[in-house]
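Text of the file run-v3.cif, holding mmCIF, C-alpha atoms:
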```
data_work
loop_
_atom_site.label_atom_id
_atom_site.label_comp_id
_atom_site.auth_asym_id
_atom_site.auth_seq_id
_atom_site.Cartn_x
_atom_site.Cartn_y
_atom_site.Cartn_z
CA MET A 996 0.00 0.00 0.00
CA LEU A 997 2.81 2.41 0.81
CA ASP A 998 4.11 1.97 -2.75
CA ILE A 999 1.25 4.23 -3.88
CA ALA A 1000 1.27 6.41 -0.77
CA GLU A 1001 1.52 9.73 -2.59
CA GLU A 1002 -1.66 9.19 -4.59
CA LEU A 1003 -3.55 7.66 -1.65
CA ASN A 1004 -2.53 10.54 0.60
CA ARG A 1005 -4.14 12.95 -1.87
CA TRP A 1006 -7.32 10.90 -1.69
CA VAL A 1007 -7.27 11.09 2.11
CA GLU A 1008 -6.72 14.86 2.02
CA GLN A 1009 -9.65 15.19 -0.39
CA GLY A 1010 -11.85 13.18 1.95
CA ARG A 1011 -12.41 10.35 -0.52
CA ASP A 1012 -13.53 6.89 0.56
CA PHE A 1013 -11.57 4.09 -1.06
CA ALA A 1014 -10.64 0.43 -0.73
CA VAL A 1015 -7.08 -0.80 -1.01
CA ALA A 1016 -6.09 -4.31 -2.10
CA THR A 1017 -2.63 -5.33 -0.91
CA VAL A 1018 -0.51 -8.36 -1.78
CA VAL A 1019 0.22 -9.96 1.59
CA ALA A 1020 1.87 -13.25 0.54
CA VAL A 1021 3.16 -14.79 -2.67
CA GLY A 1022 4.14 -18.21 -3.93
CA GLY A 1023 5.93 -19.37 -7.05
CA SER A 1024 6.57 -16.95 -9.90
CA ALA A 1025 4.24 -14.19 -8.72
CA PRO A 1026 4.64 -10.87 -10.58
CA ARG A 1027 4.40 -8.56 -7.53
CA GLN A 1028 5.78 -8.87 -4.01
CA PRO A 1029 4.08 -8.31 -0.62
CA GLY A 1030 3.12 -4.67 -0.20
CA ALA A 1031 2.12 -4.08 -3.83
CA ALA A 1032 -1.33 -2.52 -3.94
CA LEU A 1033 -4.28 -1.49 -6.06
CA ALA A 1034 -6.80 1.05 -4.76
CA VAL A 1035 -10.27 2.01 -5.98
CA ASP A 1036 -12.21 5.07 -4.81
CA SER A 1037 -15.97 5.55 -4.54
CA GLU A 1038 -16.10 7.03 -8.04
CA GLY A 1039 -14.43 3.96 -9.57
CA THR A 1040 -10.99 5.49 -10.13
CA ALA A 1041 -8.21 2.89 -9.82
CA ILE A 1042 -4.48 3.30 -9.13
CA GLY A 1043 -1.69 0.79 -8.60
CA SER A 1044 -1.38 -2.88 -9.47
CA VAL A 1045 -1.28 -6.22 -7.67
CA SER A 1046 -0.49 -8.62 -10.49
CA GLY A 1047 0.67 -6.79 -13.60
CA GLY A 1048 -2.76 -7.36 -15.17
CA CYS A 1049 -3.68 -11.00 -14.53
CA VAL A 1050 -6.30 -10.51 -11.82
CA GLU A 1051 -6.74 -6.74 -11.74
CA GLY A 1052 -10.36 -6.93 -12.91
CA ALA A 1053 -11.40 -9.34 -10.18
CA VAL A 1054 -9.54 -7.34 -7.52
CA TYR A 1055 -11.19 -4.14 -8.76
CA GLU A 1056 -14.59 -5.76 -8.15
CA LEU A 1057 -13.49 -6.90 -4.67
CA CYS A 1058 -12.53 -3.32 -3.85
CA GLN A 1059 -15.91 -2.02 -4.98
CA GLN A 1060 -17.65 -4.66 -2.86
CA ALA A 1061 -15.52 -3.78 0.18
CA LEU A 1062 -16.41 -0.12 -0.23
CA GLU A 1063 -20.09 -1.01 -0.36
CA ASP A 1064 -20.30 -3.38 2.63
CA GLY A 1065 -17.36 -2.10 4.71
CA GLU A 1066 -15.91 -5.59 5.20
CA THR A 1067 -12.22 -6.53 5.00
CA VAL A 1068 -11.61 -9.74 3.03
CA LEU A 1069 -8.65 -11.99 2.25
CA GLU A 1070 -8.66 -13.63 -1.19
CA ARG A 1071 -6.22 -16.09 -2.81
CA PHE A 1072 -5.55 -16.13 -6.55
CA GLY A 1073 -3.70 -18.94 -8.32
CA TYR A 1074 -3.74 -20.82 -11.61
CA SER A 1075 -5.99 -23.77 -12.31
CA ASP A 1076 -5.06 -26.28 -15.03
CA ASP A 1077 -8.66 -27.50 -14.91
CA ASP A 1078 -10.04 -24.15 -16.02
CA ALA A 1079 -7.60 -22.09 -18.08
CA PHE A 1080 -10.18 -19.33 -18.42
CA ALA A 1081 -10.68 -18.89 -14.66
CA VAL A 1082 -9.42 -15.74 -13.00
CA GLY A 1083 -5.86 -16.44 -11.88
CA LEU A 1084 -2.16 -15.93 -12.50
CA THR A 1085 -1.04 -17.17 -15.89
CA CYS A 1086 2.54 -17.35 -14.58
CA GLY A 1087 1.52 -20.21 -12.28
CA GLY A 1088 2.12 -18.30 -9.06
CA ILE A 1089 -0.11 -17.70 -6.07
CA ILE A 1090 -0.93 -14.41 -4.36
CA ASP A 1091 -2.95 -13.66 -1.24
CA ILE A 1092 -4.64 -10.26 -1.36
CA LEU A 1093 -6.07 -8.35 1.58
CA VAL A 1094 -8.85 -5.92 0.60
CA THR A 1095 -9.46 -3.20 3.18
CA PRO A 1096 -12.15 -0.49 2.98
CA VAL A 1097 -10.83 2.93 4.04
CA ARG A 1098 -14.06 4.78 4.59
CA ALA A 1099 -14.86 7.65 6.94
CA ASP A 1100 -16.26 5.12 9.42
CA SER A 1101 -13.34 2.66 9.13
CA ALA A 1102 -11.46 1.97 12.37
CA ALA A 1103 -8.16 1.77 10.50
CA ARG A 1104 -8.55 5.03 8.55
CA PRO A 1105 -6.88 7.39 11.09
CA VAL A 1106 -3.78 5.19 11.36
CA LEU A 1107 -3.56 4.56 7.63
CA ALA A 1108 -3.96 8.30 6.98
CA VAL A 1109 -0.95 9.09 9.18
CA ALA A 1110 1.07 6.30 7.56
CA LEU A 1111 0.26 7.52 4.04
CA ALA A 1112 1.13 11.12 4.95
CA ALA A 1113 4.47 10.04 6.40
CA ALA A 1114 5.36 7.82 3.44
CA SER A 1115 4.38 10.43 0.86
CA ALA A 1116 6.56 12.99 2.66
CA GLY A 1117 9.56 10.65 2.48
CA ASP A 1118 9.61 9.96 6.22
CA ALA A 1119 10.47 6.52 7.56
CA ALA A 1120 7.34 4.69 8.70
CA ALA A 1121 6.04 1.14 8.98
CA VAL A 1122 2.40 0.09 9.11
CA ALA A 1123 1.40 -3.35 10.41
CA ARG A 1124 -1.93 -4.94 9.51
CA VAL A 1125 -3.49 -8.26 10.54
CA THR A 1126 -3.81 -10.41 7.40
CA SER A 1127 -4.82 -13.72 8.95
CA GLY A 1128 -6.61 -14.41 12.21
CA PRO A 1129 -9.98 -13.70 13.84
CA ALA A 1130 -12.34 -11.89 11.49
CA GLU A 1131 -12.78 -8.96 13.87
CA LEU A 1132 -9.01 -8.24 13.77
CA LEU A 1133 -8.55 -8.57 10.00
CA GLY A 1134 -7.19 -5.34 8.53
CA ARG A 1135 -6.62 -3.60 11.88
CA ALA A 1136 -3.56 -1.35 11.68
CA LEU A 1137 -0.70 -0.12 13.83
CA LEU A 1138 2.00 2.43 12.90
CA VAL A 1139 5.60 2.94 14.05
CA ARG A 1140 7.95 5.75 13.03
CA THR A 1141 11.64 6.27 13.68
CA ALA A 1142 10.89 9.75 15.00
CA ASP A 1143 8.79 8.26 17.81
CA PRO A 1144 10.36 7.48 21.19
CA ALA A 1145 11.53 3.89 21.55
CA GLY A 1146 8.60 1.54 21.96
CA SER A 1147 5.87 4.01 20.97
CA TYR A 1148 3.28 3.35 18.28
CA GLU A 1149 -0.03 4.64 16.97
CA GLY A 1150 -3.23 2.66 16.56
CA SER A 1151 -4.03 -0.86 17.72
CA LEU A 1152 -4.54 -4.30 16.25
CA GLY A 1153 -7.58 -4.62 18.49
CA GLY A 1154 -6.48 -7.66 20.44
CA HIS A 1155 -4.41 -6.93 23.54
CA PRO A 1156 -1.88 -4.22 24.50
CA GLU A 1157 0.85 -6.85 24.74
CA LEU A 1158 0.12 -7.95 21.17
CA ASP A 1159 0.43 -4.32 20.04
CA ARG A 1160 3.78 -3.95 21.81
CA THR A 1161 5.06 -7.20 20.30
CA VAL A 1162 4.04 -6.25 16.76
CA ALA A 1163 5.38 -2.71 17.21
CA GLY A 1164 8.76 -4.17 18.10
CA GLU A 1165 8.74 -6.44 15.04
CA ALA A 1166 7.65 -3.53 12.83
CA ARG A 1167 10.41 -1.29 14.17
CA ALA A 1168 13.02 -3.94 13.39
CA LEU A 1169 11.75 -4.30 9.83
CA LEU A 1170 11.63 -0.52 9.44
CA ASP A 1171 15.24 -0.23 10.58
CA ALA A 1172 16.16 -2.73 7.85
CA GLY A 1173 13.91 -1.03 5.26
CA ARG A 1174 12.03 -4.30 4.67
CA THR A 1175 8.45 -5.31 3.99
CA ALA A 1176 7.52 -8.77 5.26
CA THR A 1177 4.95 -10.76 7.21
CA VAL A 1178 5.34 -11.91 10.81
CA GLU A 1179 3.62 -14.91 12.33
CA ILE A 1180 2.36 -14.57 15.90
CA GLY A 1181 1.67 -17.81 17.73
CA ALA A 1182 -1.58 -18.43 19.59
CA ASP A 1183 0.10 -17.81 22.96
CA GLY A 1184 1.53 -14.48 21.82
CA SER A 1185 -1.60 -13.22 20.07
CA TRP A 1186 -3.63 -13.02 23.30
CA CYS A 1187 -6.75 -14.05 21.39
CA GLY A 1188 -6.22 -17.82 21.46
CA GLN A 1189 -5.52 -18.03 17.73
CA PRO A 1190 -2.37 -17.54 15.65
CA LEU A 1191 -2.09 -14.35 13.64
CA VAL A 1192 -0.20 -13.24 10.56
CA VAL A 1193 0.71 -9.56 10.33
CA LEU A 1194 1.98 -7.75 7.23
CA VAL A 1195 4.52 -5.02 7.99
CA GLU A 1196 5.03 -2.51 5.16
CA SER A 1197 8.07 -0.28 5.49
CA SER A 1198 8.55 3.03 3.71
CA VAL A 1199 12.00 4.56 3.92
CA PRO A 1200 13.70 7.46 2.12
CA PRO A 1201 15.11 6.50 -1.30
CA PRO A 1202 18.54 4.84 -1.35
CA HIS A 1203 21.55 6.95 -2.24
CA MET A 1204 23.55 6.62 -5.45
CA ILE A 1205 26.79 8.61 -5.54
CA VAL A 1206 28.39 9.06 -8.95
CA PHE A 1207 32.01 10.17 -8.77
CA GLY A 1208 33.31 11.84 -11.93
CA ALA A 1209 31.36 14.47 -13.87
CA ILE A 1210 31.84 12.91 -17.31
CA ASP A 1211 29.37 12.30 -20.12
CA PHE A 1212 28.84 8.70 -18.99
CA ALA A 1213 27.88 10.06 -15.57
CA SER A 1214 25.04 12.11 -17.04
CA ALA A 1215 23.43 8.98 -18.49
CA LEU A 1216 23.97 7.08 -15.23
CA VAL A 1217 22.29 9.87 -13.25
CA ARG A 1218 19.18 9.53 -15.41
CA MET A 1219 19.23 5.76 -14.95
CA GLY A 1220 19.67 6.09 -11.19
CA LYS A 1221 16.68 8.41 -10.96
CA PHE A 1222 14.64 5.95 -13.02
CA LEU A 1223 15.48 3.22 -10.50
CA GLY A 1224 14.38 5.40 -7.60
CA TYR A 1225 17.73 6.53 -6.17
CA HIS A 1226 18.58 9.90 -4.66
CA VAL A 1227 21.52 10.70 -6.95
CA THR A 1228 24.56 12.81 -6.08
CA VAL A 1229 27.31 13.75 -8.53
CA CYS A 1230 30.70 14.54 -7.02
CA ASP A 1231 33.76 15.91 -8.83
CA ALA A 1232 36.68 18.07 -7.74
CA ARG A 1233 36.51 20.13 -10.97
CA PRO A 1234 33.92 22.93 -10.74
CA VAL A 1235 33.92 23.52 -14.48
CA PHE A 1236 32.42 20.05 -15.04
CA ALA A 1237 30.26 19.55 -11.92
CA THR A 1238 27.43 21.93 -12.83
CA PRO A 1239 23.61 21.84 -12.82
CA THR A 1240 23.65 22.56 -16.53
CA ARG A 1241 25.53 19.33 -17.23
CA PHE A 1242 23.53 17.29 -14.71
CA PRO A 1243 19.98 18.67 -14.55
CA ASP A 1244 18.57 15.37 -13.28
CA ALA A 1245 20.89 15.07 -10.27
CA ASP A 1246 19.43 15.66 -6.81
CA GLU A 1247 22.73 17.08 -5.59
CA ILE A 1248 26.00 18.24 -7.15
CA VAL A 1249 29.11 18.43 -4.98
CA VAL A 1250 32.41 20.07 -5.90
CA ASP A 1251 35.05 18.42 -3.75
CA TRP A 1252 37.66 15.71 -3.82
CA PRO A 1253 35.69 12.44 -3.90
CA HIS A 1254 37.30 10.84 -0.85
CA ARG A 1255 36.80 13.98 1.24
CA TYR A 1256 33.12 14.10 0.34
CA LEU A 1257 32.67 10.39 1.11
CA GLU A 1258 34.39 10.79 4.48
CA ARG A 1259 31.70 13.20 5.68
CA THR A 1260 28.73 11.50 4.01
CA GLU A 1261 26.43 9.05 5.78
CA VAL A 1262 26.00 5.76 3.91
CA ASP A 1263 24.10 2.56 4.62
CA GLY A 1264 23.51 -0.93 3.30
CA ARG A 1265 21.49 0.38 0.33
CA THR A 1266 24.02 2.97 -0.88
CA VAL A 1267 25.69 2.41 -4.25
CA LEU A 1268 28.98 4.06 -5.22
CA CYS A 1269 29.89 4.40 -8.89
CA VAL A 1270 33.45 5.59 -9.52
CA LEU A 1271 33.73 6.91 -13.08
CA THR A 1272 36.81 9.12 -12.63
CA HIS A 1273 39.33 6.43 -13.76
CA ASP A 1274 42.16 8.69 -12.58
CA ALA A 1275 44.50 7.24 -9.93
CA LYS A 1276 44.78 10.45 -7.93
CA PHE A 1277 41.02 10.36 -7.38
CA ASP A 1278 40.37 6.61 -7.51
CA VAL A 1279 42.91 5.28 -5.02
CA PRO A 1280 42.04 7.38 -1.93
CA LEU A 1281 38.34 7.10 -2.77
CA LEU A 1282 38.31 3.31 -3.20
CA GLN A 1283 40.58 2.81 -0.21
CA LEU A 1284 37.77 4.32 1.86
CA ALA A 1285 34.78 3.01 -0.11
CA LEU A 1286 35.77 -0.66 0.07
CA ARG A 1287 35.73 -0.49 3.87
CA LEU A 1288 32.25 1.00 4.14
CA PRO A 1289 29.03 -1.01 4.69
CA VAL A 1290 27.52 -0.11 1.30
CA ALA A 1291 25.62 -2.27 -1.18
CA TYR A 1292 27.81 -1.78 -4.24
CA VAL A 1293 31.15 -0.30 -5.25
CA GLY A 1294 31.96 -0.17 -8.97
CA ALA A 1295 34.80 1.52 -10.83
CA MET A 1296 35.12 2.38 -14.52
CA GLY A 1297 38.21 1.65 -16.58
CA SER A 1298 39.82 -0.83 -18.93
CA ARG A 1299 41.14 -4.16 -17.68
CA ARG A 1300 44.62 -2.68 -17.78
CA THR A 1301 43.43 0.26 -15.67
CA HIS A 1302 41.79 -2.18 -13.30
CA GLU A 1303 45.00 -4.18 -12.80
CA ASP A 1304 47.06 -1.03 -12.27
CA ARG A 1305 44.50 0.31 -9.82
CA ASN A 1306 44.52 -2.93 -7.84
CA VAL A 1307 48.31 -2.76 -7.51
CA ARG A 1308 48.03 0.80 -6.17
CA LEU A 1309 45.26 -0.18 -3.76
CA ARG A 1310 47.30 -3.07 -2.38
CA GLU A 1311 50.20 -0.68 -1.85
CA VAL A 1312 48.05 1.50 0.42
CA GLY A 1313 46.87 -1.46 2.48
CA VAL A 1314 43.64 -2.59 0.84
CA THR A 1315 43.23 -6.32 1.54
CA GLU A 1316 42.28 -9.05 -0.94
CA LEU A 1317 38.96 -9.47 0.87
CA GLU A 1318 38.23 -5.77 0.43
CA LEU A 1319 39.31 -5.86 -3.22
CA ALA A 1320 36.89 -8.72 -3.84
CA ARG A 1321 34.03 -6.27 -3.21
CA LEU A 1322 35.07 -4.07 -6.13
CA ARG A 1323 33.07 -4.41 -9.36
CA SER A 1324 35.62 -3.47 -11.98
CA PRO A 1325 35.43 -2.98 -14.88
CA ILE A 1326 32.03 -1.67 -13.85
CA GLY A 1327 28.81 -3.08 -15.33
CA LEU A 1328 27.62 -6.25 -17.05
CA ASP A 1329 28.89 -7.39 -20.45
CA LEU A 1330 26.25 -5.96 -22.79
CA GLY A 1331 28.69 -4.87 -25.47
CA ALA A 1332 27.85 -1.31 -24.49
CA ARG A 1333 29.34 1.58 -26.48
CA THR A 1334 27.36 4.74 -25.84
CA PRO A 1335 26.97 6.49 -22.45
CA GLU A 1336 23.35 5.35 -22.32
CA GLU A 1337 24.24 1.72 -23.05
CA THR A 1338 27.02 1.86 -20.47
CA ALA A 1339 24.65 3.33 -17.89
CA LEU A 1340 22.25 0.46 -18.61
CA SER A 1341 25.01 -2.11 -18.07
CA ILE A 1342 25.95 -0.50 -14.73
CA ALA A 1343 22.32 -0.32 -13.62
CA ALA A 1344 21.80 -3.96 -14.60
CA GLU A 1345 24.74 -5.01 -12.44
CA ILE A 1346 23.42 -2.99 -9.50
CA VAL A 1347 20.00 -4.64 -9.79
CA ALA A 1348 21.53 -8.12 -10.16
CA ASN A 1349 23.68 -7.50 -7.10
CA ARG A 1350 20.68 -6.28 -5.11
CA ARG A 1351 18.33 -9.08 -6.13
CA GLY A 1352 20.79 -11.97 -6.36
CA GLY A 1353 20.51 -12.30 -10.15
CA SER A 1354 23.12 -14.05 -12.28
CA GLY A 1355 23.18 -11.53 -15.13
CA VAL A 1356 22.80 -14.30 -17.74
CA SER A 1357 20.07 -14.39 -20.39
CA LEU A 1358 16.81 -15.91 -19.15
CA THR A 1359 16.41 -17.68 -22.50
CA GLY A 1360 17.46 -21.29 -21.99
CA ALA A 1361 18.38 -20.67 -18.35
CA HIS A 1362 16.98 -22.67 -15.45
CA THR A 1363 17.27 -19.91 -12.87
CA PRO A 1364 14.22 -18.31 -11.23
CA ILE A 1365 12.88 -15.14 -12.82
CA HIS A 1366 12.06 -13.53 -9.46
CA HIS A 1367 14.83 -14.06 -6.92
CA ASP A 1368 13.21 -12.68 -3.77
CA GLY A 1369 10.40 -15.19 -3.67
CA SER A 1370 10.33 -18.95 -3.17
CA HIS A 1371 8.17 -21.89 -4.18
CA GLU A 1372 6.32 -21.53 -0.86
CA LEU A 1373 4.30 -18.51 0.14
CA SER A 1374 7.02 -15.98 0.84
CA GLY A 1375 7.54 -12.77 2.70
CA ARG A 1376 7.24 -14.42 6.12
CA ILE A 1377 10.29 -13.81 8.25
CA GLY A 1378 9.54 -15.80 11.36
CA SER A 1379 7.16 -16.40 14.20
CA VAL A 1380 6.61 -14.98 17.64
CA ALA A 1381 5.26 -17.36 20.27
#
```
Structure rendered as structure tokens:
Amino acid sequence: MLDIAEELNRWVEQGRDFAVATVVAVGGSAPRQPGAALAVDSEGTAIGSVSGGCVEGAVYELCQQALEDGETVLERFGYSDDDAFAVGLTCGGIIDILVTPVRADSAARPVLAVALAAASAGDAAAVARVTSGPAELLGRALLVRTADPAGSYEGSLGGHPELDRTVAGEARALLDAGRTATVEIGADGSWCGQPLVVLVESSVPPPHMIVFGAIDFASALVRMGKFLGYHVTVCDARPVFATPTRFPDADEIVVDWPHRYLERTEVDGRTVLCVLTHDAKFDVPLLQLALRLPVAYVGAMGSRRTHEDRNVRLREVGVTELELARLRSPIGLDLGARTPEETALSIAAEIVANRRGGSGVSLTGAHTPIHHDGSHELSGRIGSVA
């Protein structure tokens, strides 16, 4: 649901009633992951997607029904070999969809309104909703935010204060990791005598891509980074090249020596660093620092000869073999790229493959899964709480 927070927040501000259908669990080769959502307002306007098209029509009707009767429902869609024309996923996967009415009289509306406002503003927030359990708890929501004091939360799942505190703790942990997943609560821990499943959707600020080297290839990579949803910074020590005119799509342009900028910049496990300077006086001090930071990706441009020379220089300044093994160089996947745009595509493809665990090989004739963050069982569940 938080993946369409900006549009839904506008609906809330306009006082619209709507129903939101959210993917809460997937199995097999499902096209969307938990958290993906489709919403329908009282006028029939639809936004978002839960399946890439396979079951959108049926889900649209479920949303309209939920708006009419005010009931939250959980529906499973799969593929039936017995009836190829039945509503289901042609890819053979399975998705469970929670349909929640968000009307003026809905108990969950105040909490969801705050969650949508926070997510649309780019603030870190996680909303937890009961997706399986007693009917009276289905769809109830609870919100945690990093700005709140430790242990605080808004809303209630409607069971017991101890259940709320337990789920708030799980939601805060997932928010800290920037993850969306489901949590199983055992019957003893649910305080209602039945096990529960709770979906926790996390919304965090966009990850950071830092492009070092204000060259023509960098301009194409900035556009690609924005397309992938990164907050993109361009850094170069040469003010004549690092200008808004050359990089109109960048969120930030920094004129400084790359290693000095990186020293004072906060990074995390989602940050990607793309070193396009291919000049030893910039590369060596920058990579010496970058390869010791807890970032997602470090790539450096240059020929194979440049790569070997750079590795020698990095070893001379104390970079270990284990640290060197983190370096993606020459940067990008082998696409035969020539132009800046093609090169940017090859770099972006490597970043995505690294993030998702992809092999980078052609899917044609391969026996690898198409979607790497699912499994053959219903996925998204990270554990259970007794």
Take the PyMOL selection byres ((chain A and resi 1225) around 8), run it mentally on this structure, and tell me the resulting residues as a short mmCIF file (atom, residue, chain, number, x, y, z; two decimals) with C-alpha atoms, in the frame of the given file.
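The resulting file, expr_16.cif, is shown below:
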```cif
data_model
loop_
_atom_site.label_atom_id
_atom_site.label_comp_id
_atom_site.auth_asym_id
_atom_site.auth_seq_id
_atom_site.Cartn_x
_atom_site.Cartn_y
_atom_site.Cartn_z
CA PRO A 1201 15.11 6.50 -1.30
CA PRO A 1202 18.54 4.84 -1.35
CA HIS A 1203 21.55 6.95 -2.24
CA MET A 1204 23.55 6.62 -5.45
CA GLY A 1220 19.67 6.09 -11.19
CA LYS A 1221 16.68 8.41 -10.96
CA PHE A 1222 14.64 5.95 -13.02
CA LEU A 1223 15.48 3.22 -10.50
CA GLY A 1224 14.38 5.40 -7.60
CA HIS A 1226 18.58 9.90 -4.66
CA VAL A 1227 21.52 10.70 -6.95
#
```
Worksheet item: Residues picked by the PyMOL selection byres ((chain A and resi 1093-1107) around 8) here, as a PyMOL selection string?
Response: chain A and resi 1011-1019+1057-1058+1061-1062+1065-1070+1091-1092+1108-1111+1122+1126+1134-1138+1149-1150
For Ala1320 in chain A, find every residue with an atom within 12 Å (counting only C-alpha atoms), except residues of its own chain fewer than 2 positions away, and show them as a PDB file with C-alpha atoms, keeping the file's coordinate frame.
```pdb
ATOM      1  CA  LEU A1286      35.770  -0.660   0.070  1.00  0.00           C
ATOM      2  CA  ARG A1287      35.730  -0.490   3.870  1.00  0.00           C
ATOM      3  CA  TYR A1292      27.810  -1.780  -4.240  1.00  0.00           C
ATOM      4  CA  VAL A1293      31.150  -0.300  -5.250  1.00  0.00           C
ATOM      5  CA  GLY A1294      31.960  -0.170  -8.970  1.00  0.00           C
ATOM      6  CA  ASN A1306      44.520  -2.930  -7.840  1.00  0.00           C
ATOM      7  CA  LEU A1309      45.260  -0.180  -3.760  1.00  0.00           C
ATOM      8  CA  ARG A1310      47.300  -3.070  -2.380  1.00  0.00           C
ATOM      9  CA  VAL A1314      43.640  -2.590   0.840  1.00  0.00           C
ATOM     10  CA  THR A1315      43.230  -6.320   1.540  1.00  0.00           C
ATOM     11  CA  GLU A1316      42.280  -9.050  -0.940  1.00  0.00           C
ATOM     12  CA  LEU A1317      38.960  -9.470   0.870  1.00  0.00           C
ATOM     13  CA  GLU A1318      38.230  -5.770   0.430  1.00  0.00           C
ATOM     14  CA  LEU A1322      35.070  -4.070  -6.130  1.00  0.00           C
ATOM     15  CA  ARG A1323      33.070  -4.410  -9.360  1.00  0.00           C
ATOM     16  CA  SER A1324      35.620  -3.470 -11.980  1.00  0.00           C
TER      17      SER A1324
END
```
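Coordinates place CA of Arg1350 in chain A at a distance of 27.2 Å from CA of Asp1274 in chain A.
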Item to complete: Would you list the residues near (12.6, 2.2, -0.9) (no more than 10 Å away, in the coordinates of the file, using all atoms listed in the file) as a PyMOL selection string?
Response: chain A and resi 997-998+1117+1119+1173-1175+1197-1202+1224-1225+1265
Discussion item. At a cut-off of 9 Å, using all atoms listed in the file, what residues contact Ile1342 in chain A? Leave out same-chain residues fewer than 6 positions from it and give the result as number ranges by chain.
Written reply: A: 1216, 1269, 1294, 1326-1328
Write the residues of the selection above to a file with C-alpha atoms, as a short mmCIF file (atom, residue, chain, number, x, y, z; two decimals), in the frame of the given file.
```cif
data_model
loop_
_atom_site.label_atom_id
_atom_site.label_comp_id
_atom_site.auth_asym_id
_atom_site.auth_seq_id
_atom_site.Cartn_x
_atom_site.Cartn_y
_atom_site.Cartn_z
CA LEU A 1216 23.97 7.08 -15.23
CA CYS A 1269 29.89 4.40 -8.89
CA GLY A 1294 31.96 -0.17 -8.97
CA ILE A 1326 32.03 -1.67 -13.85
CA GLY A 1327 28.81 -3.08 -15.33
CA LEU A 1328 27.62 -6.25 -17.05
#
```
Worksheet item: Any chance you could work out the residue set of the PyMOL selection byres ((chain A and resi 1045) around 6) here, as a ChimeraX atom specification?
Response: /A:1031-1033,1044,1046
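Taking all atoms listed in the file into account, the polymer residues that have an atom no farther than 10 Å from (9.7, -8.4, 8.7) are Ala1123, Glu1165, Ala1166, Arg1167, Ala1168, Leu1169, Leu1170, Ala1172, Gly1173, Arg1174, Thr1175, Ala1176, Thr1177, Val1178, Glu1179, Val1193, Leu1194, Val1195, Glu1196, Ser1197, Gly1375, Arg1376, Ile1377 and Gly1378 of chain A.
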Discussion item. Just to confirm, what's the straight-line distance from CA of Asp1246 in chain A to CA of Gly1208 in chain A in Å (one decimal)?
Written reply: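 Distance reported for this atom pair: 15.3 Å.
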Worksheet item: Quick one, how far is CA of Gln1009 in chain A from CA of Ala1120 in chain A?
Response: 21.9 Å
Practice prompt. Name the residues in contact with Ala1339 in chain A at a cut-off of 10 Å, using all atoms listed in the file, excluding same-chain residues fewer than 6 positions from it; report them as a PyMOL selection string.
Written response: chain A and resi 1212-1220+1326-1327+1332-1333+1345
Since we have the selection now, will you write its residues out, keeping C-alpha atoms, as a PDB file, keeping the file's coordinate frame?
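In the end it all went to result_29.pdb:
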```pdb
ATOM      1  CA  PHE A1212      28.840   8.700 -18.990  1.00  0.00           C
ATOM      2  CA  ALA A1213      27.880  10.060 -15.570  1.00  0.00           C
ATOM      3  CA  SER A1214      25.040  12.110 -17.040  1.00  0.00           C
ATOM      4  CA  ALA A1215      23.430   8.980 -18.490  1.00  0.00           C
ATOM      5  CA  LEU A1216      23.970   7.080 -15.230  1.00  0.00           C
ATOM      6  CA  VAL A1217      22.290   9.870 -13.250  1.00  0.00           C
ATOM      7  CA  ARG A1218      19.180   9.530 -15.410  1.00  0.00           C
ATOM      8  CA  MET A1219      19.230   5.760 -14.950  1.00  0.00           C
ATOM      9  CA  GLY A1220      19.670   6.090 -11.190  1.00  0.00           C
ATOM     10  CA  ILE A1326      32.030  -1.670 -13.850  1.00  0.00           C
ATOM     11  CA  GLY A1327      28.810  -3.080 -15.330  1.00  0.00           C
ATOM     12  CA  ALA A1332      27.850  -1.310 -24.490  1.00  0.00           C
ATOM     13  CA  ARG A1333      29.340   1.580 -26.480  1.00  0.00           C
ATOM     14  CA  GLU A1345      24.740  -5.010 -12.440  1.00  0.00           C
TER      15      GLU A1345
END
```
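The nearest approach to Thr1338 in chain A among the residues A:Glu1261, A:Asp1211, A:Glu1001, A:Glu1247, with all atoms listed in the file taken into account, belongs to A:Asp1211.
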Fill in: 9 Å contact set for Ala1209 in chain A, only C-alpha atoms, chain neighbours under 2 positions out, as a list in words
Val1206, Phe1207, Asp1211, Phe1212, Ala1213, Ser1214, Val1229, Cys1230, Asp1231, Ala1232, Arg1233, Phe1236, Ala1237, Thr1238, Arg1241, Phe1242, Leu1271 and Thr1272 of chain A
